[in-house]
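A.B. asks: As input, take target-v4.cif (mmCIF, C-alpha atoms):
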```
data_protein
loop_
_atom_site.group_PDB
_atom_site.id
_atom_site.type_symbol
_atom_site.label_atom_id
_atom_site.label_comp_id
_atom_site.auth_asym_id
_atom_site.auth_seq_id
_atom_site.Cartn_x
_atom_site.Cartn_y
_atom_site.Cartn_z
ATOM 1 C CA MET A 78 78.348 102.583 89.515
ATOM 2 C CA TYR A 79 78.341 106.161 90.772
ATOM 3 C CA LEU A 80 75.678 105.559 93.445
ATOM 4 C CA ILE A 81 77.571 102.603 94.900
ATOM 5 C CA ASP A 82 80.722 104.723 95.096
ATOM 6 C CA LEU A 83 78.716 107.448 96.862
ATOM 7 C CA TYR A 84 77.233 104.895 99.264
ATOM 8 C CA LEU A 85 80.666 103.490 100.160
ATOM 9 C CA GLU A 86 82.200 106.952 100.463
ATOM 10 C CA GLU A 87 79.526 107.935 102.976
ATOM 11 C CA LEU A 88 79.962 104.701 104.937
ATOM 12 C CA SER A 89 83.743 105.151 105.052
ATOM 13 C CA LYS A 90 83.232 108.070 107.443
ATOM 14 C CA VAL A 91 81.907 105.734 110.129
ATOM 15 C CA ARG A 92 83.139 102.254 109.157
ATOM 16 C CA ASP A 93 86.669 100.854 109.039
ATOM 17 C CA PRO A 94 88.496 100.323 105.695
ATOM 18 C CA LYS A 95 88.269 96.516 105.902
ATOM 19 C CA THR A 96 84.476 96.650 106.182
ATOM 20 C CA ILE A 97 84.294 99.022 103.225
ATOM 21 C CA GLU A 98 86.484 96.683 101.150
ATOM 22 C CA LYS A 99 84.192 93.743 101.886
ATOM 23 C CA LYS A 100 81.065 95.729 101.065
ATOM 24 C CA LYS A 101 82.639 96.877 97.814
ATOM 25 C CA TYR A 102 83.450 93.292 96.853
ATOM 26 C CA LEU A 103 79.902 92.145 97.615
ATOM 27 C CA LEU A 104 78.325 94.976 95.617
ATOM 28 C CA ILE A 105 80.487 94.175 92.584
ATOM 29 C CA HIS A 106 77.972 91.378 91.965
ATOM 30 C CA LEU A 107 75.218 93.953 91.444
ATOM 31 C CA GLU A 108 75.916 94.714 87.801
ATOM 32 C CA GLU A 109 72.980 97.115 87.366
ATOM 33 C CA LEU A 110 70.351 98.911 89.418
ATOM 34 C CA ARG A 111 67.014 97.182 88.908
ATOM 35 C CA ASP A 112 63.839 96.137 90.678
ATOM 36 C CA PHE A 113 63.976 92.822 92.506
ATOM 37 C CA SER A 114 60.497 91.358 92.685
ATOM 38 C CA LYS A 115 60.133 87.925 94.269
ATOM 39 C CA ARG A 116 60.794 86.135 90.979
ATOM 40 C CA GLU A 117 63.663 88.428 90.016
ATOM 41 C CA LEU A 118 65.361 88.053 93.402
ATOM 42 C CA PHE A 119 65.177 84.257 93.124
ATOM 43 C CA GLU A 120 66.696 84.505 89.626
ATOM 44 C CA PHE A 121 69.481 86.775 90.913
ATOM 45 C CA TYR A 122 70.186 84.283 93.724
ATOM 46 C CA GLU A 123 70.388 81.386 91.246
ATOM 47 C CA LYS A 124 72.797 83.392 89.098
ATOM 48 C CA LEU A 125 74.985 84.050 92.148
ATOM 49 C CA ARG A 126 74.899 80.363 93.057
ATOM 50 C CA GLN A 127 76.585 79.485 89.765
ATOM 51 C CA ARG A 128 79.860 80.682 91.296
ATOM 52 C CA LEU A 129 79.179 81.297 95.012
ATOM 53 C CA SER A 130 78.182 79.142 97.966
ATOM 54 C CA HIS A 131 74.743 79.564 99.515
ATOM 55 C CA GLY A 132 76.230 81.569 102.411
ATOM 56 C CA SER A 133 78.222 83.880 100.120
ATOM 57 C CA ALA A 134 75.179 84.477 97.900
ATOM 58 C CA LEU A 135 73.177 85.486 100.972
ATOM 59 C CA GLU A 136 75.953 87.885 101.987
ATOM 60 C CA VAL A 137 75.634 89.579 98.593
ATOM 61 C CA LEU A 138 71.838 89.823 98.962
ATOM 62 C CA ARG A 139 72.134 91.297 102.465
ATOM 63 C CA GLU A 140 74.477 93.992 101.228
ATOM 64 C CA VAL A 141 72.267 94.777 98.209
ATOM 65 C CA ARG A 142 69.330 95.064 100.617
ATOM 66 C CA LEU A 143 71.223 97.574 102.787
ATOM 67 C CA PHE A 144 72.230 99.545 99.696
ATOM 68 C CA TYR A 145 68.630 99.657 98.457
ATOM 69 C CA GLU A 146 67.496 100.905 101.888
ATOM 70 C CA TRP A 147 70.071 103.699 101.579
ATOM 71 C CA LEU A 148 68.735 104.501 98.098
ATOM 72 C CA ARG A 149 65.135 104.686 99.352
ATOM 73 C CA GLU A 150 66.173 107.181 102.028
ATOM 74 C CA ARG A 151 67.409 109.396 99.194
ATOM 75 C CA GLY A 152 64.278 109.197 97.088
ATOM 76 C CA TYR A 153 65.121 106.301 94.752
ATOM 77 C CA ARG A 154 62.414 103.669 94.384
ATOM 78 C CA TYR A 155 63.953 100.306 93.595
ATOM 79 C CA GLU A 156 61.998 97.236 94.715
ATOM 80 C CA PHE A 157 63.610 94.543 96.881
ATOM 81 C CA SER A 158 61.335 91.623 97.814
ATOM 82 C CA GLU A 159 61.533 91.075 101.576
ATOM 83 C CA GLN A 160 59.394 87.939 101.272
ATOM 84 C CA ALA A 161 61.791 86.348 98.780
ATOM 85 C CA PHE A 162 64.760 87.320 100.945
ATOM 86 C CA ARG A 163 63.180 85.690 104.032
ATOM 87 C CA GLU A 164 62.516 82.494 102.085
ATOM 88 C CA LEU A 165 66.094 82.372 100.807
ATOM 89 C CA LYS A 166 67.471 82.855 104.331
ATOM 90 C CA LYS A 167 65.516 79.774 105.463
ATOM 91 C CA LYS A 168 66.794 77.735 102.534
ATOM 92 C CA LYS A 169 68.669 74.609 103.648
ATOM 93 C CA GLU A 170 71.049 72.990 101.226
ATOM 94 C CA PHE A 171 72.289 69.443 101.519
ATOM 95 C CA GLU A 172 73.219 68.746 97.916
ATOM 96 C CA ASN A 173 76.004 70.281 95.856
ATOM 97 C CA LYS A 174 77.072 72.554 98.692
ATOM 98 C CA ALA A 175 80.144 74.545 97.634
ATOM 99 C CA ARG A 176 83.319 73.683 99.526
ATOM 100 C CA LYS A 177 85.132 76.448 101.311
ATOM 101 C CA TYR A 178 88.515 75.220 100.131
ATOM 102 C CA PHE A 179 89.770 74.479 96.624
ATOM 103 C CA THR A 180 90.373 71.008 95.279
ATOM 104 C CA GLU A 181 93.663 70.328 93.507
ATOM 105 C CA GLU A 182 91.766 70.308 90.199
ATOM 106 C CA GLU A 183 90.297 73.755 90.922
ATOM 107 C CA VAL A 184 93.711 75.165 91.824
ATOM 108 C CA GLU A 185 95.156 73.800 88.577
ATOM 109 C CA LYS A 186 92.228 75.267 86.625
ATOM 110 C CA ILE A 187 92.687 78.699 88.220
ATOM 111 C CA LEU A 188 96.452 78.875 87.713
ATOM 112 C CA SER A 189 96.308 77.515 84.167
ATOM 113 C CA TYR A 190 93.643 80.070 83.230
ATOM 114 C CA ILE A 191 95.728 82.973 84.582
ATOM 115 C CA ARG A 192 98.839 81.788 82.756
ATOM 116 C CA THR A 193 97.055 81.496 79.399
ATOM 117 C CA LYS A 194 95.230 84.844 79.560
ATOM 118 C CA PRO A 195 96.800 88.268 78.866
ATOM 119 C CA LYS A 196 96.891 89.187 82.561
ATOM 120 C CA PRO A 197 99.971 90.536 84.387
ATOM 121 C CA PHE A 198 102.026 87.665 85.798
ATOM 122 C CA VAL A 199 101.760 89.267 89.253
ATOM 123 C CA TYR A 200 98.265 87.759 89.637
ATOM 124 C CA TYR A 201 99.665 84.262 89.169
ATOM 125 C CA LEU A 202 102.326 85.135 91.737
ATOM 126 C CA LEU A 203 99.651 86.351 94.168
ATOM 127 C CA CYS A 204 97.708 83.075 93.913
ATOM 128 C CA VAL A 205 100.895 81.076 94.514
ATOM 129 C CA VAL A 206 101.752 83.111 97.632
ATOM 130 C CA LEU A 207 98.207 82.962 99.035
ATOM 131 C CA LEU A 208 98.022 79.208 98.531
ATOM 132 C CA SER A 209 101.525 78.662 99.940
ATOM 133 C CA SER A 210 101.233 80.917 103.002
ATOM 134 C CA GLY A 211 97.580 81.075 104.063
ATOM 135 C CA LEU A 212 97.935 84.829 104.534
ATOM 136 C CA ARG A 213 94.982 87.177 104.658
ATOM 137 C CA ILE A 214 94.839 89.368 101.552
ATOM 138 C CA SER A 215 95.769 92.494 103.545
ATOM 139 C CA GLU A 216 98.797 90.672 104.997
ATOM 140 C CA ALA A 217 99.938 89.439 101.590
ATOM 141 C CA LEU A 218 99.660 92.820 99.866
ATOM 142 C CA SER A 219 101.712 94.497 102.610
ATOM 143 C CA LEU A 220 104.682 92.121 102.163
ATOM 144 C CA LYS A 221 108.027 93.620 101.171
ATOM 145 C CA LYS A 222 111.177 91.988 99.834
ATOM 146 C CA ASP A 223 112.810 92.311 103.274
ATOM 147 C CA ASP A 224 110.062 90.184 104.844
ATOM 148 C CA PHE A 225 111.313 87.071 103.028
ATOM 149 C CA ARG A 226 114.044 84.846 104.436
ATOM 150 C CA GLU A 227 115.469 81.738 102.803
ATOM 151 C CA ARG A 228 116.603 78.885 105.004
ATOM 152 C CA ARG A 229 118.628 75.861 103.856
ATOM 153 C CA LEU A 230 117.605 72.570 105.442
ATOM 154 C CA ILE A 231 118.741 68.953 105.176
ATOM 155 C CA THR A 232 115.906 66.451 104.718
ATOM 156 C CA GLU A 233 115.758 62.974 106.261
ATOM 157 C CA LYS A 234 117.017 61.637 102.919
ATOM 158 C CA GLY A 235 120.081 63.880 103.163
ATOM 159 C CA GLU A 236 118.914 66.257 100.444
ATOM 160 C CA GLU A 237 119.463 69.997 100.746
ATOM 161 C CA ARG A 238 116.291 72.025 100.343
ATOM 162 C CA SER A 239 115.341 75.691 100.524
ATOM 163 C CA VAL A 240 112.461 76.906 102.673
ATOM 164 C CA PHE A 241 111.144 80.456 102.414
ATOM 165 C CA VAL A 242 109.830 82.029 105.599
ATOM 166 C CA VAL A 243 107.935 85.333 105.614
ATOM 167 C CA LYS A 244 107.611 87.777 108.479
ATOM 168 C CA VAL A 245 104.012 88.947 108.762
ATOM 169 C CA LYS A 246 102.363 91.689 110.754
ATOM 170 C CA GLY A 247 98.842 90.417 111.323
ATOM 171 C CA LYS A 248 95.816 91.518 113.333
ATOM 172 C CA PHE A 249 96.466 93.866 116.244
ATOM 173 C CA ALA A 250 100.020 94.399 114.914
ATOM 174 C CA LYS A 251 101.008 90.922 116.125
ATOM 175 C CA GLU A 252 104.027 89.601 114.226
ATOM 176 C CA ARG A 253 104.532 85.974 113.257
ATOM 177 C CA GLU A 254 106.702 83.910 110.931
ATOM 178 C CA VAL A 255 105.028 81.762 108.292
ATOM 179 C CA PRO A 256 106.788 79.129 106.146
ATOM 180 C CA LEU A 257 105.822 79.014 102.474
ATOM 181 C CA VAL A 258 104.537 75.538 101.698
ATOM 182 C CA LEU A 259 105.406 75.326 98.007
ATOM 183 C CA TRP A 260 103.096 72.534 96.887
ATOM 184 C CA LYS A 261 104.865 72.466 93.516
ATOM 185 C CA ARG A 262 108.646 72.645 93.083
ATOM 186 C CA GLU A 263 108.400 75.157 90.218
ATOM 187 C CA TRP A 264 106.786 77.693 92.569
ATOM 188 C CA GLU A 265 110.156 78.107 94.314
ATOM 189 C CA GLU A 266 111.585 79.539 91.113
ATOM 190 C CA VAL A 267 108.587 81.871 90.760
ATOM 191 C CA ILE A 268 109.214 83.299 94.256
ATOM 192 C CA ARG A 269 112.973 83.533 93.759
ATOM 193 C CA LYS A 270 112.669 85.300 90.408
ATOM 194 C CA GLN A 271 110.355 87.942 91.878
ATOM 195 C CA LEU A 272 112.675 88.549 94.841
ATOM 196 C CA ASP A 273 115.670 88.946 92.523
ATOM 197 C CA SER A 274 113.825 91.594 90.498
ATOM 198 C CA LEU A 275 113.075 93.797 93.518
ATOM 199 C CA LYS A 276 115.118 96.356 95.409
ATOM 200 C CA GLU A 277 115.443 96.316 99.193
ATOM 201 C CA GLY A 278 112.307 97.655 100.860
ATOM 202 C CA GLN A 279 110.195 97.322 97.713
ATOM 203 C CA THR A 280 106.669 95.894 97.945
ATOM 204 C CA PHE A 281 106.666 92.234 96.920
ATOM 205 C CA PHE A 282 103.722 92.529 94.534
ATOM 206 C CA THR A 283 105.349 95.212 92.413
ATOM 207 C CA TYR A 284 105.215 94.705 88.654
ATOM 208 C CA SER A 285 105.918 96.550 85.411
ATOM 209 C CA LEU A 286 103.728 97.272 82.419
ATOM 210 C CA LYS A 287 105.595 97.938 79.193
ATOM 211 C CA PHE A 288 104.302 100.509 76.734
ATOM 212 C CA PRO A 289 105.782 101.432 73.315
ATOM 213 C CA LYS A 290 107.742 104.372 74.726
ATOM 214 C CA SER A 291 107.752 103.799 78.476
ATOM 215 C CA VAL A 292 107.577 101.351 81.362
ATOM 216 C CA LYS A 293 105.159 101.899 84.236
ATOM 217 C CA VAL A 294 105.914 100.385 87.657
ATOM 218 C CA LEU A 295 102.801 99.471 89.638
ATOM 219 C CA THR A 296 101.880 97.777 92.919
ATOM 220 C CA LEU A 297 98.846 95.551 93.354
ATOM 221 C CA SER A 298 95.976 97.294 95.145
ATOM 222 C CA ARG A 299 93.079 95.658 97.003
ATOM 223 C CA ASP A 300 90.574 97.106 94.548
ATOM 224 C CA ALA A 301 92.435 95.622 91.581
ATOM 225 C CA VAL A 302 92.716 92.246 93.332
ATOM 226 C CA TYR A 303 89.022 92.017 94.226
ATOM 227 C CA ARG A 304 88.012 93.055 90.713
ATOM 228 C CA PHE A 305 90.369 90.444 89.246
ATOM 229 C CA PHE A 306 88.988 87.636 91.408
ATOM 230 C CA PHE A 307 85.421 88.709 90.678
ATOM 231 C CA ASP A 308 86.062 88.548 86.918
ATOM 232 C CA LEU A 309 87.885 85.235 87.356
ATOM 233 C CA SER A 310 84.907 83.786 89.247
ATOM 234 C CA LYS A 311 82.589 84.703 86.385
ATOM 235 C CA GLU A 312 84.919 83.208 83.769
ATOM 236 C CA LEU A 313 85.524 79.920 85.610
ATOM 237 C CA GLY A 314 82.134 79.504 87.286
ATOM 238 C CA ILE A 315 83.644 78.978 90.753
ATOM 239 C CA ASP A 316 83.990 81.292 93.730
ATOM 240 C CA VAL A 317 87.598 82.519 93.556
ATOM 241 C CA HIS A 318 87.774 84.657 96.688
ATOM 242 C CA PRO A 319 91.182 85.414 98.286
ATOM 243 C CA HIS A 320 90.126 83.913 101.631
ATOM 244 C CA ARG A 321 89.491 80.534 100.003
ATOM 245 C CA PHE A 322 93.245 80.247 99.336
ATOM 246 C CA ARG A 323 93.855 80.762 103.064
ATOM 247 C CA TYR A 324 91.310 78.104 103.969
ATOM 248 C CA THR A 325 92.779 75.727 101.373
ATOM 249 C CA TYR A 326 96.278 76.157 102.841
ATOM 250 C CA ALA A 327 94.880 75.386 106.297
ATOM 251 C CA VAL A 328 92.868 72.308 105.307
ATOM 252 C CA TRP A 329 95.662 70.849 103.183
ATOM 253 C CA LEU A 330 98.155 71.191 106.066
ATOM 254 C CA ALA A 331 95.646 69.763 108.536
ATOM 255 C CA MET A 332 95.238 66.752 106.244
ATOM 256 C CA LYS A 333 99.037 66.320 106.474
ATOM 257 C CA ASN A 334 98.648 66.088 110.275
ATOM 258 C CA ILE A 335 100.423 69.345 111.135
ATOM 259 C CA PRO A 336 99.757 69.838 114.898
ATOM 260 C CA PRO A 337 96.862 72.238 115.632
ATOM 261 C CA ASN A 338 98.932 74.517 117.887
ATOM 262 C CA VAL A 339 101.543 74.897 115.129
ATOM 263 C CA LEU A 340 98.938 75.583 112.434
ATOM 264 C CA LYS A 341 97.298 78.118 114.759
ATOM 265 C CA GLU A 342 100.566 80.094 114.875
ATOM 266 C CA PHE A 343 101.029 79.924 111.100
ATOM 267 C CA LEU A 344 97.511 81.251 110.496
ATOM 268 C CA GLY A 345 97.608 83.863 113.240
ATOM 269 C CA HIS A 346 94.376 82.643 114.860
ATOM 270 C CA SER A 347 93.572 84.271 118.197
ATOM 271 C CA SER A 348 91.798 81.099 119.363
ATOM 272 C CA VAL A 349 92.677 77.456 118.758
ATOM 273 C CA ARG A 350 88.933 76.779 118.411
ATOM 274 C CA THR A 351 89.014 78.278 114.903
ATOM 275 C CA THR A 352 91.938 76.019 114.006
ATOM 276 C CA LEU A 353 90.169 72.937 115.358
ATOM 277 C CA GLU A 354 87.155 73.667 113.142
ATOM 278 C CA ILE A 355 89.533 73.403 110.170
ATOM 279 C CA TYR A 356 90.794 70.071 111.530
ATOM 280 C CA ALA A 357 87.232 68.802 111.703
ATOM 281 C CA GLN A 358 86.774 69.643 108.021
ATOM 282 C CA ALA A 359 90.079 67.965 107.135
ATOM 283 C CA GLN A 360 89.159 64.794 109.019
ATOM 284 C CA LYS A 361 85.836 64.584 107.176
ATOM 285 C CA GLU A 362 87.687 64.769 103.865
ATOM 286 C CA LYS A 363 90.137 62.050 104.931
ATOM 287 C CA VAL A 364 87.234 59.795 105.916
ATOM 288 C CA LEU A 365 85.533 60.401 102.551
ATOM 289 C CA GLU A 366 88.773 59.542 100.737
ATOM 290 C CA LEU A 367 89.058 56.357 102.797
ATOM 291 C CA ILE A 368 85.467 55.352 102.013
ATOM 292 C CA ALA A 369 86.013 56.048 98.325
ATOM 293 C CA SER A 370 89.056 53.763 98.294
ATOM 294 C CA LEU A 371 87.238 50.786 99.861
#
```
What does the file become when written as structure tokens?

C.D. replies:
Amino acid sequence: MYLIDLYLEELSKVRDPKTIEKKKYLLIHLEELRDFSKRELFEFYEKLRQRLSHGSALEVLREVRLFYEWLRERGYRYEFSEQAFRELKKKKEFENKARKYFTEEEVEKILSYIRTKPKPFVYYLLCVVLLSSGLRISEALSLKKDDFRERRLITEKGEERSVFVVKVKGKFAKEREVPLVLWKREWEEVIRKQLDSLKEGQTFFTYSLKFPKSVKVLTLSRDAVYRFFFDLSKELGIDVHPHRFRYTYAVWLAMKNIPPNVLKEFLGHSSVRTTLEIYAQAQKEKVLELIASL
């Protein structure tokens, strides 16, 4: 919508690009400008909850509220029920709370859907890399062919295996090396095929679109990625946000008993406290699995 673009353009003069990207993603959920009475705001919340967690739905409502305040300052009169918003903020949920990480079934559902729809293969590749590396979306989209290294290792069984390691420049320009944990063997071929198709120095998420008389070479942008995941969330009825792949990578490795200090380095956390919170989640899941097996 034009007014949302104007709102974000004005904010970009005083806010950093990452904040603007997040606000843009949140406002994607506002499909039309309309009044939100108490009943209508509750209905909008319930619609959001079909694919978002309670916390994520509240984030969307907070951003819509800020946008509507901006509109009122410019003479637009769209209602936003403060009473309903206060009640929703107090809402406590103990049942059917959305998990932050994906289950194996959800990952399979997401990847299968992308493969069977007429979407560029690069989106499948992006999901594989996010799930295998735990990178932030900004880190993943900045990867180049030169950032990938392949190492040959000998397993305890004497088998020779390949391990891809990526060099990442994270927050505060701090560099780290992250191994790709390819949860499925066929993903190795997906990574290798993409690397073979690129020239030195080329962005990893470069892809081609073929037209009758030409071929257009493109690179994935953040806007395109957020729009894709938003549409995917609506189609599948689950919250498919890029950061959930990062959290999934972390929890799955924690459940494999990777040491916290090692996982902290892989994820680029500034504090081990954040990593230990992931371990707490992983331990809860292991206990639930144990109880279920009794």

A.B. asks: By how many Å are CA of Lys90 (chain A) and CA of His346 (chain A) apart?

C.D. replies: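 If I compute the distance from CA of Lys90 (chain A) to CA of His346 (chain A), I get 28.7 Å.
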
A.B. asks: With the file shown as input, list the residues that the PyMOL selection byres ((chain A and resi 206) around 10) selects, as a PDB file with C-alpha atoms, in the frame of the given file.

C.D. replies:
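Final output, part.pdb:
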```
ATOM      1  CA  TYR A 200      98.265  87.759  89.637  1.00  0.00           C
ATOM      2  CA  TYR A 201      99.665  84.262  89.169  1.00  0.00           C
ATOM      3  CA  LEU A 202     102.326  85.135  91.737  1.00  0.00           C
ATOM      4  CA  LEU A 203      99.651  86.351  94.168  1.00  0.00           C
ATOM      5  CA  CYS A 204      97.708  83.075  93.913  1.00  0.00           C
ATOM      6  CA  VAL A 205     100.895  81.076  94.514  1.00  0.00           C
ATOM      7  CA  LEU A 207      98.207  82.962  99.035  1.00  0.00           C
ATOM      8  CA  LEU A 208      98.022  79.208  98.531  1.00  0.00           C
ATOM      9  CA  SER A 209     101.525  78.662  99.940  1.00  0.00           C
ATOM     10  CA  SER A 210     101.233  80.917 103.002  1.00  0.00           C
ATOM     11  CA  GLY A 211      97.580  81.075 104.063  1.00  0.00           C
ATOM     12  CA  LEU A 212      97.935  84.829 104.534  1.00  0.00           C
ATOM     13  CA  ALA A 217      99.938  89.439 101.590  1.00  0.00           C
ATOM     14  CA  LEU A 257     105.822  79.014 102.474  1.00  0.00           C
ATOM     15  CA  VAL A 258     104.537  75.538 101.698  1.00  0.00           C
ATOM     16  CA  LEU A 259     105.406  75.326  98.007  1.00  0.00           C
ATOM     17  CA  TRP A 264     106.786  77.693  92.569  1.00  0.00           C
ATOM     18  CA  VAL A 267     108.587  81.871  90.760  1.00  0.00           C
ATOM     19  CA  ILE A 268     109.214  83.299  94.256  1.00  0.00           C
ATOM     20  CA  PHE A 322      93.245  80.247  99.336  1.00  0.00           C
ATOM     21  CA  ARG A 323      93.855  80.762 103.064  1.00  0.00           C
TER      22      ARG A 323
END
```

A.B. asks: To one decimal place, how far is CA of Leu103 (chain A) from CA of Phe144 (chain A) in Å?

C.D. replies: 10.9 Å

A.B. asks: Please, what distance in Å, to one decimal, runs between CA of Glu120 (chain A) and CA of Leu309 (chain A)?

C.D. replies: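 Taking CA of Glu120 (chain A) and CA of Leu309 (chain A), their separation equals 21.3 Å.
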
A.B. asks: On this structure, which residues satisfy the PyMOL selection byres ((chain A and resi 157) around 10), written as a list in words?

C.D. replies: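 On the file shown, the PyMOL selection byres ((chain A and resi 157) around 10) covers Arg111, Asp112, Phe113, Ser114, Lys115, Glu117, Leu118, Leu138, Val141, Arg142, Tyr145, Glu146, Arg154, Tyr155, Glu156, Ser158, Glu159, Gln160, Ala161 and Phe162 of chain A.
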
A.B. asks: Go ahead and save the picked residues with C-alpha atoms, as a compact mmCIF listing (two decimals), in the frame of the given file.

C.D. replies:
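Below is the file that was written, part_0.txt:
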```
# COMPACT_ATOMS: atom_id res chain seq x y z
CA ARG A 111 67.01 97.18 88.91
CA ASP A 112 63.84 96.14 90.68
CA PHE A 113 63.98 92.82 92.51
CA SER A 114 60.50 91.36 92.68
CA LYS A 115 60.13 87.92 94.27
CA GLU A 117 63.66 88.43 90.02
CA LEU A 118 65.36 88.05 93.40
CA LEU A 138 71.84 89.82 98.96
CA VAL A 141 72.27 94.78 98.21
CA ARG A 142 69.33 95.06 100.62
CA TYR A 145 68.63 99.66 98.46
CA GLU A 146 67.50 100.90 101.89
CA ARG A 154 62.41 103.67 94.38
CA TYR A 155 63.95 100.31 93.60
CA GLU A 156 62.00 97.24 94.72
CA SER A 158 61.34 91.62 97.81
CA GLU A 159 61.53 91.08 101.58
CA GLN A 160 59.39 87.94 101.27
CA ALA A 161 61.79 86.35 98.78
CA PHE A 162 64.76 87.32 100.94
```

A.B. asks: Select, from A:Glu183, A:Glu150, A:Glu164, A:Glu216, the residue with the minimum atom-to-atom distance to Gly314 (chain A), counting all atoms listed in the file.

C.D. replies: A:Glu183

A.B. asks: For the file shown, report as an MDAnalysis selection string the outcome of the PyMOL selection byres ((chain A and resi 241) around 7) at residue level.

C.D. replies: chainID A and resid 225:228 239:240 242:243 256:257

A.B. asks: Take the selection from the previous step and output its residues with C-alpha atoms, as a short mmCIF file (atom, residue, chain, number, x, y, z; two decimals), in the frame of the given file.

C.D. replies:
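What follows is the written file out.cif:
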```
data_model
loop_
_atom_site.label_atom_id
_atom_site.label_comp_id
_atom_site.auth_asym_id
_atom_site.auth_seq_id
_atom_site.Cartn_x
_atom_site.Cartn_y
_atom_site.Cartn_z
CA PHE A 225 111.31 87.07 103.03
CA ARG A 226 114.04 84.85 104.44
CA GLU A 227 115.47 81.74 102.80
CA ARG A 228 116.60 78.89 105.00
CA SER A 239 115.34 75.69 100.52
CA VAL A 240 112.46 76.91 102.67
CA VAL A 242 109.83 82.03 105.60
CA VAL A 243 107.94 85.33 105.61
CA PRO A 256 106.79 79.13 106.15
CA LEU A 257 105.82 79.01 102.47
#
```

A.B. asks: Set up a box along x, y and z of the file covering all listed atoms of region 80-95 of chain A, add 6 Å on every one of the six sides, and write the centre and edge lengths in Å to one decimal, as AutoDock Vina command-line options.

C.D. replies:
```
--center_x 82.1 --center_y 102.3 --center_z 101.8 --size_x 24.8 --size_y 23.6 --size_z 28.7
```

A.B. asks: Mind listing whatever residues come within 12 Å of the point (92.8, 95.7, 94.3)? Use only C-alpha atoms, file coordinates, and give them as a list in words.

C.D. replies: Glu98, Lys99, Lys101, Tyr102, Tyr200, Leu203, Ile214, Ser215, Ala217, Leu218, Phe282, Leu295, Thr296, Leu297, Ser298, Arg299, Asp300, Ala301, Val302, Tyr303, Arg304, Phe305, Phe306, Phe307 and Pro319 of chain A

A.B. asks: Which is closer to Ser347 (chain A) than all the others in A:Gly247, A:Arg116, A:Arg238, A:Glu108, using all atoms listed in the file?

C.D. replies: A:Gly247

A.B. asks: Given only C-alpha atoms as the basis, pick out the residue of A:Asp308, A:Glu182, A:Glu354, A:Asp82 nearest to Leu340 (chain A).

C.D. replies: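 For Leu340 (chain A), the nearest of the given residues is A:Glu354.
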
A.B. asks: Env of Ala331 (chain A): 10 Å cut, atoms = only C-alpha atoms, seq-sep filter 6 positions within chain, self excluded. Answer as a list in words.

C.D. replies: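 My reading of the contact set: Thr325, Pro337, Leu340, Thr352, Leu353, Ile355, Tyr356, Ala357, Gln358, Ala359 and Gln360 of chain A.
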
A.B. asks: I want to know what sits within 9 Å of region 278-280 of chain A, based on all atoms listed in the file, with residues of the same chain fewer than 6 positions away left out; could you give that as a VMD selection string?

C.D. replies: chain A and resid 218 to 224 296
